[in-house]
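A.B. asks: The following file, target09.cif, comprises mmCIF, C-alpha atoms:
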```
data_final
loop_
_atom_site.label_atom_id
_atom_site.label_comp_id
_atom_site.auth_asym_id
_atom_site.auth_seq_id
_atom_site.Cartn_x
_atom_site.Cartn_y
_atom_site.Cartn_z
CA MET A 57 0.00 0.00 0.00
CA ILE A 58 1.20 3.50 -0.88
CA ARG A 59 0.52 6.39 1.49
CA ALA A 60 0.31 9.69 -0.39
CA LEU A 61 1.42 12.92 1.30
CA GLY A 62 0.35 16.25 -0.17
CA ALA A 63 -2.82 18.03 -1.25
CA GLY A 64 -5.04 17.77 -4.31
CA GLY A 65 -4.44 20.32 -7.05
CA THR A 66 -0.95 21.25 -5.80
CA ASN A 67 2.57 19.82 -6.13
CA THR A 68 4.51 18.22 -3.28
CA GLY A 69 8.04 16.78 -3.42
CA HIS A 70 10.79 15.39 -1.21
CA ASN A 71 14.55 15.90 -1.26
CA TYR A 72 16.90 14.70 -3.96
CA PHE A 73 17.68 11.02 -3.38
CA THR A 74 21.21 11.59 -2.04
CA ALA A 75 19.98 14.11 0.57
CA MET A 76 18.08 12.56 3.49
CA THR A 77 14.39 13.52 3.63
CA TRP A 78 13.45 11.67 6.82
CA LEU A 79 13.97 12.54 10.48
CA SER A 80 15.62 9.99 12.78
CA ASP A 81 12.25 8.73 14.08
CA SER A 82 11.44 7.39 10.57
CA ARG A 83 7.99 8.95 10.98
CA HIS A 84 8.50 12.57 9.99
CA LEU A 85 9.81 13.91 6.68
CA VAL A 86 10.85 17.29 5.33
CA LEU A 87 8.78 18.04 2.22
CA TYR A 88 8.22 20.90 -0.21
CA THR A 89 4.56 21.80 -0.70
CA GLY A 90 2.79 24.13 -3.11
CA ILE A 91 5.66 23.91 -5.59
CA ASP A 92 5.20 26.43 -8.42
CA GLU A 93 6.57 26.64 -11.97
CA GLU A 94 9.82 28.14 -10.67
CA LYS A 95 10.20 25.09 -8.35
CA ASN A 96 9.61 27.23 -5.24
CA GLY A 97 7.48 25.89 -2.41
CA THR A 98 6.90 25.89 1.32
CA CYS A 99 9.27 23.65 3.27
CA VAL A 100 7.44 21.65 5.96
CA LYS A 101 8.01 18.95 8.56
CA ALA A 102 5.34 16.35 7.76
CA ASN A 103 4.01 13.42 9.76
CA ALA A 104 3.88 10.35 7.51
CA THR A 105 1.28 8.73 9.74
CA ASP A 106 -1.46 11.36 9.85
CA GLY A 107 -0.33 13.87 7.20
CA THR A 108 -0.13 16.85 9.58
CA PHE A 109 2.71 19.32 9.09
CA GLU A 110 4.43 22.41 10.43
CA ILE A 111 6.19 25.07 8.37
CA ILE A 112 10.00 25.24 8.47
CA VAL A 113 10.74 27.79 5.72
CA ASP A 114 8.00 29.89 4.15
CA ARG A 115 9.42 29.84 0.64
CA MET A 116 12.44 28.13 -0.87
CA GLU A 117 13.43 26.31 -4.02
CA TRP A 118 12.91 22.56 -4.17
CA GLY A 119 15.94 20.37 -3.47
CA ARG A 120 18.04 22.87 -1.52
CA GLY A 121 18.14 21.03 1.79
CA LEU A 122 18.92 17.85 3.68
CA VAL A 123 18.19 16.32 7.08
CA SER A 124 21.16 15.21 9.19
CA ALA A 125 21.13 12.13 11.43
CA GLN A 126 20.95 14.60 14.33
CA ASP A 127 17.63 16.02 12.99
CA ARG A 128 19.04 19.30 11.77
CA PHE A 129 17.79 20.66 8.46
CA TYR A 130 20.51 22.34 6.41
CA TYR A 131 19.66 24.47 3.40
CA PHE A 132 21.24 27.17 1.27
CA ASP A 133 20.29 30.45 -0.34
CA GLY A 134 22.86 32.21 -2.51
CA PRO A 135 26.20 32.25 -0.65
CA GLU A 136 24.73 31.28 2.73
CA ILE A 137 24.01 27.94 4.41
CA TYR A 138 21.51 27.76 7.26
CA GLU A 139 20.63 25.26 9.99
CA TYR A 140 17.17 24.63 11.45
CA ASP A 141 16.90 22.28 14.44
CA LEU A 142 13.90 20.06 13.74
CA ARG A 143 13.58 19.15 17.43
CA THR A 144 13.81 22.57 19.06
CA GLY A 145 13.01 24.99 16.25
CA ALA A 146 16.26 26.92 16.77
CA SER A 147 17.88 28.31 13.64
CA ARG A 148 21.22 29.89 12.74
CA THR A 149 23.49 30.77 9.83
CA VAL A 150 26.20 28.14 9.46
CA CYS A 151 28.41 30.03 7.01
CA SER A 152 28.48 32.65 4.30
CA LEU A 153 30.78 32.32 1.30
CA GLU A 154 32.58 35.20 -0.33
CA SER A 155 30.62 37.93 -2.05
CA GLY A 156 29.40 36.86 -5.47
CA ALA A 157 29.55 33.12 -4.70
CA SER A 158 26.51 30.85 -5.04
CA VAL A 159 26.07 27.47 -3.38
CA TYR A 160 24.44 24.72 -5.46
CA GLY A 161 22.69 21.54 -4.42
CA PRO A 162 22.29 18.87 -3.40
CA LEU A 163 24.13 19.26 -0.11
CA SER A 164 25.74 16.30 1.68
CA ILE A 165 26.82 15.57 5.24
CA THR A 166 28.78 12.98 7.23
CA ASN A 167 27.01 10.47 9.47
CA ASP A 168 28.21 12.32 12.58
CA GLY A 169 26.84 15.62 11.28
CA ARG A 170 30.18 17.41 11.64
CA THR A 171 31.16 17.98 8.01
CA MET A 172 29.16 19.02 4.98
CA GLY A 173 30.23 18.46 1.39
CA ILE A 174 29.30 21.34 -0.89
CA TYR A 175 30.06 22.85 -4.26
CA TRP A 176 29.74 26.45 -5.34
CA ARG A 177 30.46 28.86 -8.15
CA ALA A 178 32.57 32.00 -7.78
CA ASP A 179 34.33 34.10 -10.43
CA ASP A 180 33.06 31.73 -13.15
CA GLU A 181 34.79 28.77 -11.49
CA TRP A 182 33.23 25.65 -9.98
CA ILE A 183 34.64 24.79 -6.56
CA VAL A 184 34.30 21.68 -4.38
CA GLY A 185 34.84 21.76 -0.63
CA THR A 186 33.63 21.14 2.90
CA VAL A 187 32.02 23.05 5.75
CA ASP A 188 32.57 22.45 9.48
CA THR A 189 28.97 22.60 10.74
CA ALA A 190 29.99 23.68 14.25
CA THR A 191 32.34 26.54 13.34
CA GLY A 192 31.20 27.41 9.82
CA SER A 193 34.76 27.09 8.56
CA VAL A 194 34.85 26.49 4.78
CA THR A 195 37.64 24.41 3.21
CA GLU A 196 38.22 24.62 -0.51
CA ALA A 197 39.29 21.19 -1.76
CA VAL A 198 39.63 21.56 -5.54
CA ARG A 199 38.84 23.77 -8.51
CA PRO A 200 38.58 21.13 -11.26
CA SER A 201 38.61 23.67 -14.13
CA PHE A 202 36.97 21.36 -16.65
CA ALA A 203 37.14 22.71 -20.20
CA GLU A 204 34.23 23.97 -22.26
CA PRO A 205 31.71 22.92 -23.39
CA TYR A 206 31.30 21.01 -20.11
CA PRO A 207 32.98 23.09 -17.38
CA ILE A 208 30.66 22.13 -14.51
CA ALA A 209 31.80 20.15 -11.45
CA ASN A 210 28.78 19.27 -9.33
CA HIS A 211 26.99 16.70 -7.13
CA ALA A 212 29.75 17.00 -4.52
CA MET A 213 29.17 14.43 -1.77
CA VAL A 214 31.32 14.04 1.30
CA ASN A 215 32.11 10.47 2.28
CA PRO A 216 29.72 9.63 5.18
CA GLU A 217 32.55 8.21 7.32
CA ASP A 218 35.48 10.36 6.16
CA GLY A 219 34.99 14.11 6.13
CA ARG A 220 38.17 14.59 4.13
CA LEU A 221 37.08 12.53 1.11
CA LEU A 222 34.70 13.97 -1.47
CA PHE A 223 33.12 12.61 -4.62
CA PHE A 224 32.16 15.04 -7.36
CA ALA A 225 30.96 14.69 -10.93
CA HIS A 226 32.08 16.12 -14.24
CA GLU A 227 28.64 17.19 -15.39
CA GLY A 228 27.41 17.06 -18.98
CA LYS A 229 25.71 14.83 -21.49
CA THR A 230 26.79 11.39 -20.39
CA GLU A 231 27.57 10.27 -23.92
CA HIS A 232 30.07 13.13 -24.15
CA ILE A 233 31.77 12.77 -20.74
CA PRO A 234 34.48 10.08 -20.91
CA ASP A 235 35.17 10.16 -17.14
CA ARG A 236 32.47 11.50 -14.82
CA ILE A 237 33.41 10.20 -11.36
CA TYR A 238 36.14 12.05 -9.44
CA MET A 239 37.46 12.01 -5.87
CA ALA A 240 39.05 14.88 -3.96
CA ASP A 241 41.00 15.03 -0.70
CA ALA A 242 40.04 18.13 1.30
CA ASP A 243 43.30 18.00 3.27
CA THR A 244 45.77 17.77 0.39
CA GLY A 245 43.78 19.19 -2.51
CA GLU A 246 44.51 16.05 -4.53
CA MET A 247 42.00 15.27 -7.28
CA ARG A 248 41.84 11.90 -9.01
CA ASN A 249 39.66 9.87 -11.32
CA GLY A 250 37.44 7.66 -9.16
CA TYR A 251 36.29 5.32 -11.94
CA ARG A 252 37.98 5.10 -15.31
CA GLN A 253 35.25 4.50 -17.85
CA ALA A 254 35.83 2.02 -20.67
CA ARG A 255 36.85 3.05 -24.18
CA LEU A 256 37.32 1.16 -27.41
CA ASP A 257 40.71 1.02 -29.11
CA THR A 258 39.44 3.84 -31.31
CA GLY A 259 38.97 6.00 -28.20
CA GLU A 260 35.18 5.81 -28.43
CA HIS A 261 33.49 6.29 -25.07
CA VAL A 262 31.13 3.33 -24.36
CA GLU A 263 30.00 3.71 -20.72
CA TYR A 264 27.40 6.35 -19.83
CA VAL A 265 27.17 6.67 -16.05
CA GLY A 266 25.71 8.91 -13.37
CA HIS A 267 23.41 9.41 -10.35
CA GLU A 268 25.97 8.43 -7.77
CA MET A 269 25.53 7.91 -4.02
CA TRP A 270 27.90 6.78 -1.25
CA ALA A 271 27.17 3.58 0.63
CA PRO A 272 26.43 4.37 4.31
CA ASP A 273 29.75 2.87 5.45
CA GLY A 274 31.64 4.99 2.93
CA GLU A 275 33.52 2.07 1.37
CA HIS A 276 31.87 2.21 -2.06
CA LEU A 277 30.22 4.74 -4.34
CA TYR A 278 27.17 3.36 -6.14
CA PHE A 279 26.17 4.58 -9.60
CA VAL A 280 24.03 3.68 -12.59
CA LYS A 281 25.33 2.71 -16.01
CA TYR A 282 22.44 3.90 -18.14
CA PRO A 283 20.49 1.60 -20.49
CA GLN A 284 21.72 3.46 -23.60
CA SER A 285 25.36 2.64 -22.86
CA PRO A 286 26.93 0.73 -25.75
CA LEU A 287 28.93 -1.48 -23.36
CA LYS A 288 26.83 -4.02 -21.48
CA PRO A 289 25.74 -5.03 -18.92
CA THR A 290 23.96 -1.88 -17.85
CA GLY A 291 22.43 -1.31 -14.43
CA ILE A 292 23.64 -0.65 -10.90
CA TYR A 293 27.37 -0.73 -10.12
CA ARG A 294 29.60 0.24 -7.24
CA VAL A 295 33.22 1.39 -7.19
CA HIS A 296 35.67 1.20 -4.28
CA LYS A 297 36.56 4.56 -2.77
CA ARG A 298 40.34 4.03 -3.10
CA THR A 299 41.10 1.36 -5.69
CA GLY A 300 38.63 2.35 -8.41
CA GLU A 301 37.66 -1.29 -8.84
CA ALA A 302 34.01 -1.62 -9.91
CA GLU A 303 31.45 -4.38 -9.35
CA PHE A 304 28.20 -5.06 -11.19
CA ILE A 305 25.25 -5.31 -8.79
CA ASN A 306 22.01 -5.72 -10.75
CA GLY A 307 20.70 -5.04 -14.25
CA ASP A 308 17.16 -6.40 -14.14
CA TYR A 309 15.55 -3.07 -15.10
CA ALA A 310 16.35 0.14 -16.99
CA TYR A 311 17.62 1.89 -13.86
CA TRP A 312 17.85 5.68 -13.48
CA HIS A 313 18.62 6.69 -9.85
CA VAL A 314 19.77 4.39 -7.05
CA ALA A 315 19.74 5.06 -3.28
CA LEU A 316 21.17 2.97 -0.44
CA SER A 317 19.50 1.98 2.81
CA PRO A 318 21.16 3.21 6.03
CA ASP A 319 21.64 -0.39 7.22
CA GLY A 320 23.59 -1.16 4.03
CA ASN A 321 21.48 -4.17 3.06
CA TRP A 322 19.22 -2.65 0.41
CA ALA A 323 19.10 -0.35 -2.56
CA VAL A 324 16.06 1.22 -4.16
CA ALA A 325 15.97 2.47 -7.72
CA ASP A 326 13.60 4.08 -10.16
CA THR A 327 13.57 3.35 -13.89
CA ILE A 328 13.69 5.43 -17.05
CA GLU A 329 11.58 4.06 -19.87
CA ASP A 330 8.96 6.30 -21.48
CA TRP A 331 9.29 9.58 -19.47
CA GLU A 332 5.70 9.15 -18.28
CA THR A 333 5.90 6.29 -15.78
CA SER A 334 8.64 4.83 -13.61
CA LYS A 335 9.04 1.59 -11.71
CA ILE A 336 10.25 1.58 -8.09
CA VAL A 337 12.50 -1.44 -7.61
CA LEU A 338 13.99 -2.89 -4.41
CA ILE A 339 17.40 -4.58 -4.64
CA ASP A 340 18.68 -6.91 -1.92
CA LEU A 341 22.40 -6.20 -1.78
CA ARG A 342 23.10 -9.47 0.04
CA ASP A 343 22.12 -11.68 -2.90
CA ARG A 344 21.78 -8.90 -5.53
CA SER A 345 18.22 -9.86 -6.42
CA SER A 346 15.47 -7.39 -7.30
CA ARG A 347 11.76 -7.00 -6.57
CA LEU A 348 9.30 -4.61 -8.20
CA LEU A 349 7.49 -2.52 -5.58
CA CYS A 350 5.20 -0.40 -7.76
CA GLU A 351 4.90 1.58 -10.98
CA GLN A 352 3.72 5.20 -10.93
CA PRO A 353 3.28 8.21 -13.23
CA MET A 354 6.05 10.82 -13.10
CA TRP A 355 7.16 14.09 -14.65
CA ALA A 356 9.95 14.22 -17.21
CA GLN A 357 11.45 17.24 -15.39
CA HIS A 358 12.37 18.14 -11.81
CA PRO A 359 10.87 18.01 -9.25
CA GLY A 360 8.73 15.24 -10.70
CA HIS A 361 11.39 12.53 -10.92
CA PRO A 362 10.66 9.73 -8.40
CA HIS A 363 14.08 9.88 -6.63
CA PRO A 364 13.23 7.04 -4.18
CA SER A 365 15.09 7.00 -0.86
CA PHE A 366 14.99 5.18 2.49
CA SER A 367 13.96 6.18 5.97
CA PRO A 368 16.66 5.93 8.69
CA ASP A 369 15.31 2.56 9.90
CA SER A 370 15.59 1.23 6.31
CA ARG A 371 11.96 0.08 6.38
CA SER A 372 10.13 2.84 4.48
CA ILE A 373 10.76 4.33 1.05
CA SER A 374 9.63 7.76 -0.08
CA PHE A 375 9.35 8.87 -3.71
CA THR A 376 7.60 11.48 -5.82
CA LEU A 377 4.67 10.48 -8.05
CA ALA A 378 2.09 12.19 -10.24
CA ASP A 379 -1.68 11.73 -9.97
CA GLU A 380 -4.26 11.60 -12.78
CA GLU A 381 -4.17 15.40 -13.10
CA ARG A 382 -0.34 15.34 -13.21
CA ASN A 383 -0.05 16.93 -9.77
CA LEU A 384 2.79 15.70 -7.56
CA TRP A 385 2.56 13.82 -4.27
CA VAL A 386 5.12 12.10 -2.08
CA GLY A 387 4.42 8.38 -1.83
CA VAL A 388 5.54 6.22 1.09
CA ILE A 389 5.74 2.45 0.73
CA GLU A 390 7.04 -0.17 3.13
CA ARG A 391 10.04 -2.18 2.03
CA GLY A 392 8.69 -5.52 3.24
CA ASP A 393 10.93 -8.59 3.54
#
```
Give the structure from this file in structure tokens form.
C.D. replies:
Amino acid sequence: MIRALGAGGTNTGHNYFTAMTWLSDSRHLVLYTGIDEEKNGTCVKANATDGTFEIIVDRMEWGRGLVSAQDRFYYFDGPEIYEYDLRTGASRTVCSLESGASVYGPLSITNDGRTMGIYWRADDEWIVGTVDTATGSVTEAVRPSFAEPYPIANHAMVNPEDGRLLFFAHEGKTEHIPDRIYMADADTGEMRNGYRQARLDTGEHVEYVGHEMWAPDGEHLYFVKYPQSPLKPTGIYRVHKRTGEAEFINGDYAYWHVALSPDGNWAVADTIEDWETSKIVLIDLRDRSSRLLCEQPMWAQHPGHPHPSFSPDSRSISFTLADEERNLWVGVIERGD
């Protein structure tokens, strides 16, 4: 059974799949309601059981926040990052970057809540770094300086168990990006290729990958090799944080995004097929089998991608779906066993 959170005639969404939506009680979620054409909405703390909610931020753009394991909601606006304590209601400014800089999302944070991984743009450069959540100290790790026509470095995610290690992506059309996955050391400023994608002897690029997420123990980065990749098999993979060695996990469906459960035993993925509907698929990482949970209408654009993700107890899965009138709701389904 799917529980739907939202209101008829309006659009409701949850966080991007790499940014936790749920509070530690696995009962409350942070959602965006009344989302308009500019992707702005009201940010609320919602009760998944009875649908009641309380307002956190009156108006903000979808996908700009995350919930830490300590129940603090972090979000950004321009050069500033803010914290809202979801237990006490206290709020503060964590940090403010230099004048003219703009933070981009999604944000990321370590399991202990001490270090955030962020990326920002300043002086026409893309920068990857970290923030100490207690002091607000910002550490610049790398300026990748990718060449045109694909200069963007994004999706920076701090390793959940190592606040010095960051993943970031070389953004662009996947068929044109020969190596997307990079790692950076915030202490040394070293930048390295995290997964060397395959090429033919002719130099042709034959692996199209993306939508990465760290495993909760920080040992592997999971990603999807998209169905249109010339080199098979396609599906869900993971790569070791240090060695760059990759493993194939599951290719039963045309996967799109993949998220890991906090207990490390499960993954949940959506599929990309016709841009109108998407399957939500559960993968058991212990035997690498899959099980279809449901199939729901979706939007082809943000914030209407499903982006399924787990609750902290690894039992519930939230995702965005569209109703018959193409309005968005957040669905909650139990994992089952």
A.B. asks: With only C-alpha atoms as the basis for distance, which of A:Cys151, A:Val187, A:Ala356, A:Ile233 is at the shortest distance from Glu204 of chain A?
C.D. replies: A:Ile233
A.B. asks: Edge lengths and centre in Å to one decimal, as lines of an AutoDock Vina configuration file, is what I'm after for the box along x, y and z that holds all listed atoms of segment 213-229 of chain A once 8 Å is added on each side.
C.D. replies:
```
center_x = 31.9
center_y = 12.7
center_z = -7.1
size_x = 28.5
size_y = 25.0
size_z = 44.8
```
A.B. asks: What is the atom CA of Thr230 of chain A-atom CA of Asp92 of chain A distance in Å, reported with one decimal?
C.D. replies: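 Calculated distance between atom CA of Thr230 of chain A and atom CA of Asp92 of chain A is 28.9 Å.
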A.B. asks: Find the spatial neighbours of segment 195-200 of chain A, counting all atoms listed in the file, within a cut-off of 9 Å - ignore same-chain residues fewer than 2 positions away - and output them as a PyMOL selection string.
C.D. replies: chain A and resi 181-188+193+202+207-209+220+222+226+240-247
A.B. asks: Once the PyMOL selection byres ((chain A and resi 289) around 12) has been evaluated on this model, what residues remain selected, and can you format them as a list in words?
C.D. replies: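 When the PyMOL selection byres ((chain A and resi 289) around 12) is applied to the shown file, the picked residues are Val262, Glu263, Tyr264, Val280, Lys281, Tyr282, Pro283, Gln284, Ser285, Pro286, Leu287, Lys288, Thr290, Gly291, Ile292, Tyr293, Glu303, Phe304, Ile305, Asn306, Gly307, Asp308, Tyr309, Ala310 and Tyr311 of chain A.
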A.B. asks: If you count only C-alpha atoms, which residues fall within 7 Å of Asn210 of chain A, apart from same-chain ones fewer than 5 positions away, as a list in words?
C.D. replies: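 Near Asn210 of chain A, the qualifying residues are Tyr175, Phe224, Ala225, His226 and Glu227 of chain A.
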A.B. asks: When distances are computed from all atoms listed in the file, which of A:Ala271, A:Leu384, A:Ile174, A:Ala302 shows the smallest separation from Ile237 of chain A?
C.D. replies: A:Ala302
A.B. asks: So the first atom is atom CA of Trp312 of chain A and the second is atom CA of Pro162 of chain A; what is the distance between them in Å, to one decimal place?
C.D. replies: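 Calculated distance between atom CA of Trp312 of chain A and atom CA of Pro162 of chain A is 17.2 Å.
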A.B. asks: Pull out every residue that the PyMOL selection byres ((chain A and resi 252) around 8) matches in the shown coordinates and put them as a PyMOL selection string.
C.D. replies: chain A and resi 235+237+249-251+253-254+300
A.B. asks: Give me a file of those residues, with C-alpha atoms, as a CSV table (one decimal), in the frame of the given file.
C.D. replies:
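Listing of again10.csv after writing:
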```csv
chain,number,residue,atom,x,y,z
A,235,ASP,CA,35.2,10.2,-17.1
A,237,ILE,CA,33.4,10.2,-11.4
A,249,ASN,CA,39.7,9.9,-11.3
A,250,GLY,CA,37.4,7.7,-9.2
A,251,TYR,CA,36.3,5.3,-11.9
A,253,GLN,CA,35.2,4.5,-17.8
A,254,ALA,CA,35.8,2.0,-20.7
A,300,GLY,CA,38.6,2.4,-8.4
```
A.B. asks: Up to 12 Å from (19.7, 22.4, 6.9) in the file's coordinates: name the residues, counting all atoms listed in the file, as number ranges by chain.
C.D. replies: A: 71, 75-77, 79, 86, 99, 112-113, 119-133, 136-142, 145-151, 161-165, 169, 172, 189
A.B. asks: Any chance you could resolve the PyMOL selection byres ((chain A and resi 359) around 8) against this file and give the residues as a PyMOL selection string?
C.D. replies: chain A and resi 69+95+118+355+357-358+360-361
A.B. asks: Compare A:Ile91, A:His70, A:Ser158, A:Leu61 by their minimum atom-to-atom distance to Thr108 of chain A, counting all atoms listed in the file, and give me the closest one.
C.D. replies: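 Closest to Thr108 of chain A of all the choices is A:Leu61.
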A.B. asks: When you count all atoms listed in the file, which of these residues is closest to Phe366 of chain A: A:Tyr72, A:Trp78, A:Phe223, A:Tyr206?
C.D. replies: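 Closest candidate: A:Trp78.
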A.B. asks: Find, counting only C-alpha atoms, the residue in A:Phe375, A:Thr74, A:Arg59, A:Gly228 that gets nearest to Trp270 of chain A.
C.D. replies: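 The answer is A:Thr74, which sits nearest to Trp270 of chain A.
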A.B. asks: Just need segment 236-245 of chain A in a file, please: all heavy atoms, as a CSV table (one decimal), in the first residue's frame.
C.D. replies:
```
chain,number,residue,atom,x,y,z
A,236,ARG,N,33.4,10.6,-15.6
A,236,ARG,CA,32.5,11.5,-14.8
A,236,ARG,C,32.8,11.5,-13.3
A,236,ARG,O,32.7,12.5,-12.7
A,236,ARG,CB,31.0,11.0,-15.0
A,236,ARG,CG,30.0,11.8,-14.1
A,236,ARG,CD,28.6,11.2,-14.3
A,236,ARG,NE,27.8,11.6,-13.1
A,236,ARG,CZ,27.0,12.7,-13.1
A,236,ARG,NH1,26.9,13.4,-14.2
A,236,ARG,NH2,26.2,12.9,-12.1
A,237,ILE,N,33.3,10.4,-12.8
A,237,ILE,CA,33.4,10.2,-11.4
A,237,ILE,C,34.8,10.6,-10.9
A,237,ILE,O,35.8,10.0,-11.3
A,237,ILE,CB,33.1,8.7,-11.0
A,237,ILE,CG1,31.6,8.4,-11.3
A,237,ILE,CG2,33.4,8.5,-9.5
A,237,ILE,CD1,31.3,7.0,-11.1
A,238,TYR,N,34.9,11.6,-10.0
A,238,TYR,CA,36.1,12.0,-9.4
A,238,TYR,C,36.1,12.0,-7.9
A,238,TYR,O,35.0,12.1,-7.3
A,238,TYR,CB,36.5,13.5,-9.9
A,238,TYR,CG,36.9,13.5,-11.4
A,238,TYR,CD1,36.0,13.5,-12.4
A,238,TYR,CD2,38.3,13.5,-11.7
A,238,TYR,CE1,36.5,13.5,-13.7
A,238,TYR,CE2,38.7,13.5,-13.0
A,238,TYR,CZ,37.8,13.5,-14.0
A,238,TYR,OH,38.3,13.5,-15.3
A,239,MET,N,37.3,11.9,-7.3
A,239,MET,CA,37.5,12.0,-5.9
A,239,MET,C,38.4,13.2,-5.5
A,239,MET,O,39.3,13.4,-6.3
A,239,MET,CB,38.0,10.7,-5.3
A,239,MET,CG,37.2,9.5,-5.6
A,239,MET,SD,35.6,9.5,-4.7
A,239,MET,CE,34.9,7.9,-5.3
A,240,ALA,N,38.2,13.8,-4.4
A,240,ALA,CA,39.1,14.9,-4.0
A,240,ALA,C,39.4,14.7,-2.5
A,240,ALA,O,38.5,14.3,-1.7
A,240,ALA,CB,38.4,16.2,-4.2
A,241,ASP,N,40.6,15.1,-2.1
A,241,ASP,CA,41.0,15.0,-0.7
A,241,ASP,C,41.0,16.5,-0.2
A,241,ASP,O,41.8,17.3,-0.7
A,241,ASP,CB,42.4,14.4,-0.6
A,241,ASP,CG,42.8,14.2,0.9
A,241,ASP,OD1,42.7,15.1,1.7
A,241,ASP,OD2,43.3,13.1,1.2
A,242,ALA,N,40.2,16.8,0.8
A,242,ALA,CA,40.0,18.1,1.3
A,242,ALA,C,41.3,18.6,2.1
A,242,ALA,O,41.5,19.8,2.2
A,242,ALA,CB,38.8,18.2,2.2
A,243,ASP,N,42.1,17.6,2.5
A,243,ASP,CA,43.3,18.0,3.3
A,243,ASP,C,44.4,18.4,2.3
A,243,ASP,O,45.1,19.4,2.5
A,243,ASP,CB,43.8,16.8,4.2
A,243,ASP,CG,42.9,16.7,5.4
A,243,ASP,OD1,42.2,17.7,5.7
A,243,ASP,OD2,43.1,15.7,6.1
A,244,THR,N,44.6,17.6,1.3
A,244,THR,CA,45.8,17.8,0.4
A,244,THR,C,45.4,18.5,-0.9
A,244,THR,O,46.4,19.0,-1.6
A,244,THR,CB,46.4,16.4,0.0
A,244,THR,OG1,45.4,15.7,-0.8
A,244,THR,CG2,46.7,15.6,1.2
A,245,GLY,N,44.2,18.6,-1.2
A,245,GLY,CA,43.8,19.2,-2.5
A,245,GLY,C,44.0,18.3,-3.7
A,245,GLY,O,43.8,18.7,-4.9
```
